[in-house]
Structure formats: C-alpha cells, structure tokens
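Notes to accompany the following structure.
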Amino acid sequence: VGRRSKKRHGNFCWCCGRVRPNEAFSGKNHSRHICRECARLGGDELEYRQAQRNLERAVTWEGLIRRRQRHVIEAYRSHDNARVRELVEQILADDRALRTERAEIARLYDQDLEPGGIDEVPHSEVDCYDHETQETSDDLPF
Ligand SMILES: [Zn+2]
C-alpha cells in the first residue's frame with residue numbers, strides 16, 4: 001500500500017512518452033517502462049521506437065546532427081533492424097541537405113555584401129522614409 005501511494009503520479013512510458021496510471025502497466029511491462037498499449041506493438045516496433053528516440057535526441061529540432069552525438073548516428077547505421085537503418089540514412093540525408101542549404105545561403109549572402117550589391121536598394125524609398133521621420137519629429141510640441 002505504501003508503495004502504491006508513492007507511485008500515485010503514474011509511470012512514464014518511454015515508448016509513447018506519456019505518464020500513465022499504474023493500471024496501464026502490466027507486471028512484466030512495469031519494469032520495462034512500457035505501457036500495455038505500447039507492449040502490444042511487438043518487439044520490432046518497440047526496437048524501432050527506442051532507436052528513433054535515441055536518434056532524435058542526437059539531432060537538433062532543425063534536423064542537424066549534434067557534433068558530439070554523431071557517433072550515436074553512426075553506430076545505428078549497422079543496426080539489425082532495416083527500418084532503423086533506413087531512418088538513420090534519412091537523418092543523415094536531412095543533415096547533409098540542411099548543411100548544403102546553409103552553405104548556399106551563406107554564399108549568396110556574402111555576394112550581396114559585395115560592392116555593387118547594395119546599389120540595388122531603391123534610394124527613393126530610403127529618402128522618403130527619412131523625410132517622413134523628420135517631419136514627424138518637427139511636429140512634436142517640444
Ligand atoms: Zn506507451
């Protein structure tokens with residue numbers, strides 16, 4: 001009874017990421033931290049989900065592989081589960097694409113800052129804005 005009250009907040013299921021009441025965990029799955037619902041998914045699916053969670057932790061919200069976590073990704077490349085390997089390749093591809101895209105943006109941005117690029121900004125717009133700002137401040141009573 002004492003043990004039960006201590007666990008009144010329920011248990012965390014790593015698989016679905018939910019905190020669920022004790023009733024949602026069977027005896028065997030309790031120690032595995034998997035709720036009944038997720039336990040029904042079967043070994044392969046659970047294996048995949050666990051790998052997915054670990055892989056997602058090694059990647060930023062943008063999809064960039066964290067430098068220090070790259071070994072985690074690399075280790076999963078030789079996983080027994082083909083779906084896990086597929087996921088790893090997808091993550092690596094996304095990471096590559098994102099880095100290429102960023103390099104491209106940086107390159108274009110550098111070009112814009114080169115002499116000549118700035119002349120493309122319409123001067124009339126800038127002058128007009130300055131004039132309006134000046135007028136507004138003149139109208140101020142003090
Ligand atoms: Zn669950």
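Simple scheme: letters A, B, ... for chains in structure tokens order, numbers from 1 for residues in each chain, numbers from 1 for ligands in the order shown.
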
Quick one: residues within 8 Å of ligand 1, with only C-alpha atoms and all ligand atoms, as an mmCIF file with N, CA and C atoms, in the first residue's frame?
data_model
loop_
_atom_site.group_PDB
_atom_site.id
_atom_site.type_symbol
_atom_site.label_atom_id
_atom_site.label_comp_id
_atom_site.auth_asym_id
_atom_site.auth_seq_id
_atom_site.Cartn_x
_atom_site.Cartn_y
_atom_site.Cartn_z
ATOM 1 N N PHE A 12 6.014 6.516 -16.276
ATOM 2 C CA PHE A 12 6.366 7.059 -17.583
ATOM 3 C C PHE A 12 6.621 5.926 -18.569
ATOM 4 N N CYS A 13 5.966 6.017 -19.705
ATOM 5 C CA CYS A 13 6.207 5.032 -20.755
ATOM 6 C C CYS A 13 7.154 5.677 -21.760
ATOM 7 N N TRP A 14 8.317 5.138 -21.908
ATOM 8 C CA TRP A 14 9.315 5.747 -22.809
ATOM 9 C C TRP A 14 8.863 5.668 -24.252
ATOM 10 N N CYS A 15 8.027 4.685 -24.538
ATOM 11 C CA CYS A 15 7.638 4.424 -25.924
ATOM 12 C C CYS A 15 6.688 5.485 -26.472
ATOM 13 N N CYS A 16 5.625 5.764 -25.736
ATOM 14 C CA CYS A 16 4.682 6.774 -26.229
ATOM 15 C C CYS A 16 4.934 8.116 -25.555
ATOM 16 N N GLY A 17 5.859 8.143 -24.595
ATOM 17 C CA GLY A 17 6.231 9.395 -23.958
ATOM 18 C C GLY A 17 5.180 9.949 -23.020
ATOM 19 N N ARG A 18 4.266 9.091 -22.582
ATOM 20 C CA ARG A 18 3.202 9.562 -21.707
ATOM 21 C C ARG A 18 3.404 9.047 -20.285
ATOM 22 N N ARG A 20 1.442 7.449 -17.491
ATOM 23 C CA ARG A 20 0.166 6.752 -17.446
ATOM 24 C C ARG A 20 -0.043 6.127 -16.071
ATOM 25 N N ILE A 34 7.079 0.220 -20.164
ATOM 26 C CA ILE A 34 6.260 0.269 -21.371
ATOM 27 C C ILE A 34 4.816 0.015 -20.957
ATOM 28 N N CYS A 35 3.913 0.870 -21.407
ATOM 29 C CA CYS A 35 2.509 0.690 -21.059
ATOM 30 C C CYS A 35 1.915 -0.473 -21.864
ATOM 31 N N ARG A 36 0.773 -0.958 -21.452
ATOM 32 C CA ARG A 36 0.135 -2.102 -22.111
ATOM 33 C C ARG A 36 -0.077 -1.855 -23.599
ATOM 34 N N GLU A 37 -0.514 -0.666 -23.876
ATOM 35 C CA GLU A 37 -0.798 -0.289 -25.260
ATOM 36 C C GLU A 37 0.443 -0.452 -26.136
ATOM 37 N N CYS A 38 1.558 0.063 -25.642
ATOM 38 C CA CYS A 38 2.796 0.014 -26.411
ATOM 39 C C CYS A 38 3.383 -1.399 -26.423
ATOM 40 N N ALA A 39 3.168 -2.140 -25.353
ATOM 41 C CA ALA A 39 3.696 -3.505 -25.281
ATOM 42 C C ALA A 39 3.092 -4.361 -26.391
#

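Taking CA of Ala51 (chain A) and CA of Ala75 (chain A) as the two end points, the separation is 10.8 Å.
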
Just the number, please: distance in Å from CA of Tyr48 (chain A) to CA of Arg68 (chain A), one decimal.
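CA of Arg68 (chain A) lies at a distance of 22.3 Å from CA of Tyr48 (chain A).
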
Determine, using only C-alpha atoms, which residues of region 4-92 of chain A have any atom at most 9 Å from an atom of region 96-107 of chain A, and tabulate each with its shortest atom pair and distance in Å to one decimal place, rows ordered by chain and then rising number, as JSON lines.
{"residue": "A:Glu62", "atom": "CA", "partner": "A:Leu98", "partner_atom": "CA", "distance": 8.4}
{"residue": "A:Gly63", "atom": "CA", "partner": "A:Leu98", "partner_atom": "CA", "distance": 7.5}
{"residue": "A:Leu64", "atom": "CA", "partner": "A:Leu98", "partner_atom": "CA", "distance": 7.1}
{"residue": "A:Ile91", "atom": "CA", "partner": "A:Arg96", "partner_atom": "CA", "distance": 8.6}
{"residue": "A:Leu92", "atom": "CA", "partner": "A:Arg96", "partner_atom": "CA", "distance": 6.2}

Now that the selection is made, can you save its residues with N, CA and C atoms as an mmCIF file, in the first residue's frame?
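What landed in selection_30.cif:
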data_model
loop_
_atom_site.group_PDB
_atom_site.id
_atom_site.type_symbol
_atom_site.label_atom_id
_atom_site.label_comp_id
_atom_site.auth_asym_id
_atom_site.auth_seq_id
_atom_site.Cartn_x
_atom_site.Cartn_y
_atom_site.Cartn_z
ATOM 1 N N GLU A 62 16.013 21.354 -35.753
ATOM 2 C CA GLU A 62 16.074 21.683 -37.181
ATOM 3 C C GLU A 62 16.406 20.462 -38.025
ATOM 4 N N GLY A 63 17.000 19.472 -37.389
ATOM 5 C CA GLY A 63 17.389 18.285 -38.131
ATOM 6 C C GLY A 63 18.890 18.158 -38.323
ATOM 7 N N LEU A 64 19.640 19.007 -37.632
ATOM 8 C CA LEU A 64 21.099 18.928 -37.714
ATOM 9 C C LEU A 64 21.607 17.928 -36.683
ATOM 10 N N ILE A 91 18.060 10.529 -41.697
ATOM 11 C CA ILE A 91 18.588 11.575 -40.815
ATOM 12 C C ILE A 91 19.880 12.140 -41.404
ATOM 13 N N LEU A 92 20.730 11.245 -41.888
ATOM 14 C CA LEU A 92 22.000 11.684 -42.482
ATOM 15 C C LEU A 92 21.746 12.530 -43.735
#

Å distance separating CA of Val72 (chain A) from CA of Asp44 (chain A), one decimal place
19.7 Å

Which of these residues is nearest to Gly43 (chain A), using only C-alpha atoms: A:Thr60, A:Tyr109, A:Asn81, A:Asp95?
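When distances to Gly43 (chain A) are compared using only C-alpha atoms, the smallest one comes from A:Asn81.
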
In region 37-129 of chain A, DSSP helix (DSSP H, G or I) residues written as a ChimeraX atom specification:
/A:37-39,43-57,67-76,82-112,117-120,123-129
